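Below you'll find the structure, written out as structure tokens, and then a few comments.
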Amino acid sequence: MKSLLLLLSLLLLTACDGALWNSPYSSDDDGKSILYTAFTERPKHLDPAQAYSENEYEFLAHIYSPPLQYHYLKRPYQLVPLAARDMPRVSYFDQNHKPLPLTAPDARIAYSVYEIRIKPYMRYQPHPALVPANLYLKESDLAGVYSLTDIAAVGTRTVSAEDYAYQIKRLVHPRLHTPIAGVMMEYIVGLKDYAESLQAAHKAQPDAFLDLNAFPLSGVEVVNATTYRITIKGKYPQFAYWLAMPFFSPMPQEAERFYDQPGMKARNLTLDWWPIGSGPYYFSENDPNRRMVLSKNPYYDSERYPVEGEPGDAEAGLLQDAGKPLPLIEQIVYTLEKETIPYWNKFLQGYYDASGISSDSFDQAVQVSVGGEANVSDAMQAQGISLNTAVSTSTMYTGFNWLDPVVGGDSARATKLRRAIAIAVDFEEFISIFANGRGIAAQSPIPPGIFGYRNGCDGINRYVYDCVSGEAKRKPIAEAQKLLAQAGYPGGVDAQTGQPLVIHLDTTANGVGNKSRLDWIRKQFDKIGVQLDVRSTDYNRFQDKVRRGDTQMFYYGWNADYPDPENFFFLLHGPQGKVKYSGENASNYDSPEYDRLFERMKNMENGPERQAIIDRMLEILRRDSPWLWGFHPKSYVLQHGWLHNIKPNIMANNRLKYWRVDPVQRERMRHEWNRPAYWPLVLGSGLLVLFGWWMRRVLRMREQAN
Amino acid sequence: MIAYLVRRILYAIPILIGVNLLTFALFFVVNTPDDMARMQLGIKRVTPEAIDRWKQQRGYDKPLFLNTGTGSAGTFTDTIFWQKSASMFVFDFGYSDDGRSISREIATRMGPSLAIALPTFLIGLVVYVSFALLMTLFRATALDLAGVALCVLLMSISGLFYIIGGQFLVSKLWHLVPISGYAGGADSLKFVVLPILIGVVGGIGSSSRWYRTIFLDEIGKDYVRTARAKGLSELRVLFTHVLKNALIPILTGVVVVIPLLFMGSLLTESFFGIPGLGSYTIDAINAQDFSVVRAMVFLGSVLYIAGLILTDVSYTVVDPRVRLR
């Protein structure tokens, strides 16, 4: 009992040092310029040649420095130089490599050359690979080394154009899987032959180090230490967007040599887990099972906060740090948080600086005004929490399989059936019920913010909606029933066979959690008398069915790689058909007219001519209805009052370098919100003492009675 | 005893082969190597060539059990089953599908799993046995009835409720410990207090009731009556005689789980952000990472067999009549 009281006293004494009992962080970090955030799933790849997911770019975009990036503040999304001194200089050449003017017609352009001049004196993060002696380590030298930070000797060096060229070569390294290798081989001159040479060399000596510089790549030329050129086949304006992705970051060859040494892989020391970048941050701690910490790259001094933004940005305080060196935050601490409840509660306690909103917490966090405007709830407002929303450059759709004899193809019967279903399935209702209003019903594959998207009546899908007072109003269900009858299914019954029409929906959604959604979609079909058979299956079988074209309808989604309409329209391009060509056109839509227009549109500069073609393409798509256009999700992010310079930017993954925290305010608020309650400890201990005393007394009485 | 142990260890080999075979068959009935490749490579811009290369790099391009295209030994050895299984018998688990060393992961994650599981086990054992003895001491009284009712109540509540309720009360409302997270060394204390507390409380119902039944069985026996007749106090009778004689059924259930403590708890680790082996297994299942799944099933089987052998050995310690031959 005495020891219990001693322990309690010790605990109470600990409380007097001012440290918060429920703080998950070390008190040594109090008051420091650190951003606290979370990751819900450990990244699979951190090699810029392999990574392609959002949760991987969350880290890589802060570590690597590709030539270009998206302007943080300006909209529509605009490319600006990052590692490049200025925007790439593009020149065009004909079939005979003769220069062409910039106004040359697309058909004459056989090659485009992108000349990229990088900033001089950019340096890599401190890294052991950049110490020459570390390139000759023996396995015995790695005794006791289990993390890159265990290697004491670190160095740096200047980034050169050669490093950018080297990374392009890595895109077709036989040991790596680069998702965009296929696209790049299609465009970068000589890359396909180069890949074949590497494959042959790798096959001959599978375990040997593959020296990428030992093979020529004609399409990439290093002009001098700060300039390199990439030659592209034809005209491909979207290439500039790829230059803003980590695929095109610099990679020192020393890194590959360093990680290729014996004993490295067994210690999980690989380029896929320990990046080497020249960006604003580097990994000072990398434990993907628990915590990953990005610290400011001490050699990063090549970038400043933007001095101009959109109208209203200055008034919103977004230009207060204009011209200041980036990054503004010293360290970013990512903690693995798999469950939403602990994540949310820690945000409310001030231990995370920003948070998304799960459906469970939505009503607690957000109130929607009569006008439909979302604001934080009074409780959140009292805590100084504010809300940022943005429509994602994504589309969540339901595809019809164009190869299916009932719902597919361009026959009038199938087209009318698809249009009837499009009217019946009320996505406004879906967004309201299942997404807490976080989304907008799609009128086409193009989300807002992408060139080609039109606001108001001009942007409405007239086959599904009417324009009423400038707003889209879904056509009445009678319209859908009429279309269904015209398609030969009056009241949902096949007029030829007398059998009820049954449509099959394939989905990976199953279990109790998804029952309400599946019931909802069935009810939508019930409105027109069509029976919906939901075929829930696992992820593998679902993908397999889509690949084989063994579906009628299926749920799918797409996140934009870059903010260009081509990145959405290609999802319906015939030569991208999933079944025939293993492409990204999962519904296997095939319209020669659309394909022709796509070929014209894809390489055009944004302008009225491109808009006119897009309008025609959209009209074809809306008429044919190969998808239920679904919805574009909205992201809602809550932030504490001590976090500054937040502006949603869906395309830029490197946004944290612009953020600023006020650690003093954060510390004050955390102490205010997290005062420990001592009474449960006192009460619990008191009860234990009381129980012990009572037990002793009862036992003594029993002994005496015996 | 040594001959017995050697015999048991030798028996373990065919069991482990069987477990491995079963895991392999079940896994590949549900997933094909193509599925695994697609899961790793994602769904955007994945070409059939990329899938073939992924399989070839990881040895999944071979036949599952029989390779009729090779020579005599190669028929069995140049297969996915052989190449993924043989090395495990020397505890070489290889690499996960995302390229990380499985042995290194297991070594790193074992610590956090044990930091939760071992104290939960030890404190739990003391609490459950004490509570059961208390109920036995006050058997057929209102206190015993209340104790049994409490046990039934605690057994009726889902484990998830304890976790969420515990996080809400102790962390969110009273601000006494962090809601989730983990740190190494002495800093781990504040993170493990709550999971341990919840683990102990969550097990009181079922364990204490079971132990109470065992103690009540013992308390009616002749030797207990004799002890009482000798004038021993009730406490002495319970702790010196009843507890000792009730140890065999308790050990049967307890010792066998000791090695499995290394494997961690799926739910607790997930909710408290503990980077242990429980969450490693569940992540691997979700990611269809066969290399990790087979390694964890194999390790679980080895530990279970070790637990059973330990149980047998423990009988000889608590009951001198038991001899292992």
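Following the order of the structure tokens, first chain is A, next is B, and so on, with residues numbered from 1 inside each chain and ligands from 1 in the order they appear.
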Chain B contacts to chain A at 8 Å (only C-alpha atoms) as a compact mmCIF listing (two decimals) with N, CA and C atoms, in the first residue's frame:
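See result_36.txt below for the written result:
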# COMPACT_ATOMS: atom_id res chain seq x y z
N ASN B 31 -5.45 -16.11 -54.21
CA ASN B 31 -4.66 -15.13 -55.00
C ASN B 31 -3.79 -15.85 -56.01
N ASP B 35 -2.40 -11.54 -59.36
CA ASP B 35 -3.12 -10.69 -58.41
C ASP B 35 -2.14 -9.99 -57.49
N LEU B 41 1.71 -3.30 -57.73
CA LEU B 41 2.00 -2.29 -58.74
C LEU B 41 0.91 -1.24 -58.86
N LYS B 44 -2.96 1.95 -61.82
CA LYS B 44 -2.75 2.96 -62.85
C LYS B 44 -1.53 2.61 -63.70
N ARG B 45 -1.74 2.56 -65.01
CA ARG B 45 -0.66 2.40 -65.98
C ARG B 45 0.18 1.15 -65.72
N VAL B 46 -0.49 0.03 -65.45
CA VAL B 46 0.25 -1.22 -65.26
C VAL B 46 0.12 -2.06 -66.52
N THR B 47 1.25 -2.40 -67.10
CA THR B 47 1.23 -3.16 -68.36
C THR B 47 1.44 -4.65 -68.05
N PRO B 48 1.00 -5.54 -68.94
CA PRO B 48 1.26 -6.98 -68.74
C PRO B 48 2.76 -7.27 -68.62
N ALA B 50 5.01 -5.35 -67.25
CA ALA B 50 5.44 -4.98 -65.89
C ALA B 50 5.07 -6.08 -64.90
N TRP B 54 7.65 -8.26 -62.66
CA TRP B 54 7.51 -8.31 -61.19
C TRP B 54 7.56 -9.76 -60.71
N GLN B 57 11.08 -11.23 -61.13
CA GLN B 57 12.05 -10.73 -60.15
C GLN B 57 11.87 -11.38 -58.79
N ASP B 98 7.48 -5.73 -50.87
CA ASP B 98 7.94 -4.36 -51.10
C ASP B 98 9.45 -4.22 -50.83
N GLY B 99 10.13 -5.37 -50.74
CA GLY B 99 11.59 -5.35 -50.74
C GLY B 99 12.25 -5.19 -49.38
N ARG B 100 11.49 -5.30 -48.28
CA ARG B 100 12.12 -5.14 -46.97
C ARG B 100 12.42 -6.51 -46.36
N SER B 101 13.50 -6.57 -45.60
CA SER B 101 13.90 -7.83 -44.99
C SER B 101 12.89 -8.22 -43.90
N ARG B 104 14.41 -8.75 -40.37
CA ARG B 104 14.71 -7.47 -39.73
C ARG B 104 13.42 -6.85 -39.17
N GLN B 167 -9.83 4.77 -24.32
CA GLN B 167 -9.20 5.95 -24.95
C GLN B 167 -10.01 7.20 -24.63
N SER B 171 -7.76 9.00 -21.87
CA SER B 171 -6.93 9.91 -22.68
C SER B 171 -7.67 11.19 -23.04
N LYS B 172 -8.90 11.01 -23.53
CA LYS B 172 -9.58 12.21 -24.05
C LYS B 172 -10.17 13.06 -22.92
N TRP B 174 -9.76 12.57 -19.33
CA TRP B 174 -8.92 12.85 -18.15
C TRP B 174 -7.50 13.29 -18.53
N HIS B 175 -7.11 13.14 -19.79
CA HIS B 175 -5.80 13.60 -20.28
C HIS B 175 -4.64 12.99 -19.50
N LEU B 176 -4.75 11.71 -19.18
CA LEU B 176 -3.70 11.11 -18.34
C LEU B 176 -2.59 10.44 -19.15
N VAL B 177 -2.93 9.89 -20.30
CA VAL B 177 -1.91 9.26 -21.16
C VAL B 177 -2.24 9.59 -22.63
N PRO B 178 -1.27 9.45 -23.53
CA PRO B 178 -1.58 9.69 -24.95
C PRO B 178 -2.61 8.70 -25.48
N ILE B 179 -3.40 9.15 -26.43
CA ILE B 179 -4.44 8.28 -27.00
C ILE B 179 -3.81 7.11 -27.76
N SER B 180 -2.78 7.41 -28.49
CA SER B 180 -2.11 6.34 -29.26
C SER B 180 -0.68 6.76 -29.52
N GLY B 181 0.09 5.82 -30.04
CA GLY B 181 1.48 6.11 -30.37
C GLY B 181 2.42 5.17 -29.65
N TYR B 182 3.69 5.33 -29.93
CA TYR B 182 4.68 4.47 -29.30
C TYR B 182 6.04 5.16 -29.38
N LYS B 190 4.51 5.69 -21.01
CA LYS B 190 3.23 6.41 -21.06
C LYS B 190 2.33 5.90 -22.20
N PHE B 191 2.94 5.27 -23.21
CA PHE B 191 2.13 4.75 -24.31
C PHE B 191 1.55 3.37 -24.01
N SER B 233 -5.33 -21.41 8.49
CA SER B 233 -6.27 -20.33 8.16
C SER B 233 -6.77 -20.52 6.74
N GLU B 234 -7.92 -19.91 6.44
CA GLU B 234 -8.53 -20.07 5.10
C GLU B 234 -7.60 -19.51 4.01
N SER B 270 -3.38 -2.01 -33.64
CA SER B 270 -3.91 -1.13 -34.68
C SER B 270 -4.47 0.15 -34.06
N PHE B 271 -5.26 0.03 -33.00
CA PHE B 271 -5.90 1.20 -32.40
C PHE B 271 -4.93 2.08 -31.62
N PHE B 272 -3.89 1.47 -31.07
CA PHE B 272 -2.96 2.27 -30.28
C PHE B 272 -1.70 2.65 -31.08
N GLY B 273 -1.68 2.31 -32.34
CA GLY B 273 -0.54 2.68 -33.17
C GLY B 273 0.75 2.04 -32.69
N ILE B 274 0.66 0.80 -32.20
CA ILE B 274 1.85 0.10 -31.73
C ILE B 274 2.46 -0.64 -32.92
N PRO B 275 3.72 -0.38 -33.24
CA PRO B 275 4.31 -1.01 -34.44
C PRO B 275 4.77 -2.43 -34.17
> Residues of range 529-633 of chain A in helix (DSSP H, G or I) according to DSSP, as a count of residues only?
Replying inline: 51
>> Restricting the calculation to only C-alpha atoms: of A:Ala424, A:Asn510, A:Asp353, A:Gly323, which residue gets closest to Arg670 in chain A?
In response: A:Asp353
> Thr252 in chain B: which residues within 9 Å, counting only C-alpha atoms, same-chain residues fewer than 5 positions away excluded, as a VMD selection string?
Replying inline: chain B and resid 247 308 311 to 312 314 to 315
For the residues in the current selection, export C-alpha atoms as a PDB file, in the first residue's frame.
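Just written: result_36.pdb:
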ATOM      1  CA  LEU B 247      -1.855 -25.118 -11.152  1.00  0.00           C
ATOM      2  CA  LEU B 308       2.994 -26.979 -26.073  1.00  0.00           C
ATOM      3  CA  THR B 311       3.518 -26.777 -21.079  1.00  0.00           C
ATOM      4  CA  ASP B 312       4.549 -30.413 -20.853  1.00  0.00           C
ATOM      5  CA  SER B 314       5.955 -27.182 -16.722  1.00  0.00           C
ATOM      6  CA  TYR B 315       3.803 -30.148 -15.577  1.00  0.00           C
TER       7      TYR B 315
END
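For the pair CA of Leu621 in chain A and CA of Asn401 in chain A, the interatomic distance is 14.2 Å.
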> Using only C-alpha atoms, which residues sit within 9 Å of Ala161 in chain A once same-chain residues fewer than 5 positions away are excluded, as a PyMOL selection string?
Replying inline: chain A and resi 116-118+166+222-228+250
So that I can see what lies close to Val318 in chain B, please list as a compact mmCIF listing (two decimals) with N, CA and C atoms, in the first residue's frame the residues with an atom at most 10 Å from it, counting only C-alpha atoms and leaving out residues fewer than 5 positions away in the same chain.
# COMPACT_ATOMS: atom_id res chain seq x y z
N LYS B 244 -1.72 -24.32 -5.39
CA LYS B 244 -0.67 -25.21 -5.89
C LYS B 244 -1.26 -26.39 -6.66
N ASN B 245 -2.33 -26.96 -6.10
CA ASN B 245 -2.93 -28.13 -6.75
C ASN B 245 -3.76 -27.77 -7.99
N ALA B 246 -4.16 -26.49 -8.06
CA ALA B 246 -4.95 -26.08 -9.23
C ALA B 246 -4.06 -25.61 -10.38
N LEU B 247 -2.76 -25.70 -10.14
CA LEU B 247 -1.85 -25.12 -11.15
C LEU B 247 -1.85 -25.87 -12.48
N ILE B 248 -2.06 -27.19 -12.44
CA ILE B 248 -1.96 -27.95 -13.70
C ILE B 248 -2.97 -27.47 -14.74
N LEU B 251 -1.89 -24.00 -15.83
CA LEU B 251 -0.69 -24.02 -16.70
C LEU B 251 -1.04 -24.46 -18.12
N VAL B 313 6.67 -29.55 -20.10
CA VAL B 313 7.79 -29.44 -19.16
C VAL B 313 7.31 -28.84 -17.84
> So how far away is CA of Asn286 in chain B from CA of Leu197 in chain B, in Å?
Replying inline: 28.7 Å
> If you count only C-alpha atoms, which residues fall within 12 Å of Glu139 in chain A, apart from same-chain ones fewer than 5 positions away, as a ChimeraX atom specification?
Replying inline: /A:134,144-145,259-267
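Note that CA of Trp344 in chain A and CA of Ser359 in chain A are 11.2 Å apart.
The residue that comes closest to Tyr77 in chain A, out of A:Ser536, A:Ser91, A:Ser587, A:Asn649 and on the basis of only C-alpha atoms, is A:Asn649.
Contact shell of range 296-298 of chain B at 10 Å (only C-alpha atoms; same-chain neighbours under 5 positions omitted): Leu16, Ile17, Val19, Asn20, Thr23, Ser85, Met88, Phe89, Phe91, Phe93, Ile102, Ile106, Met263, Leu277, Gly278, Tyr280, Thr281, Ala284, Phe290, Ser291, Leu303 and Tyr304 of chain B.
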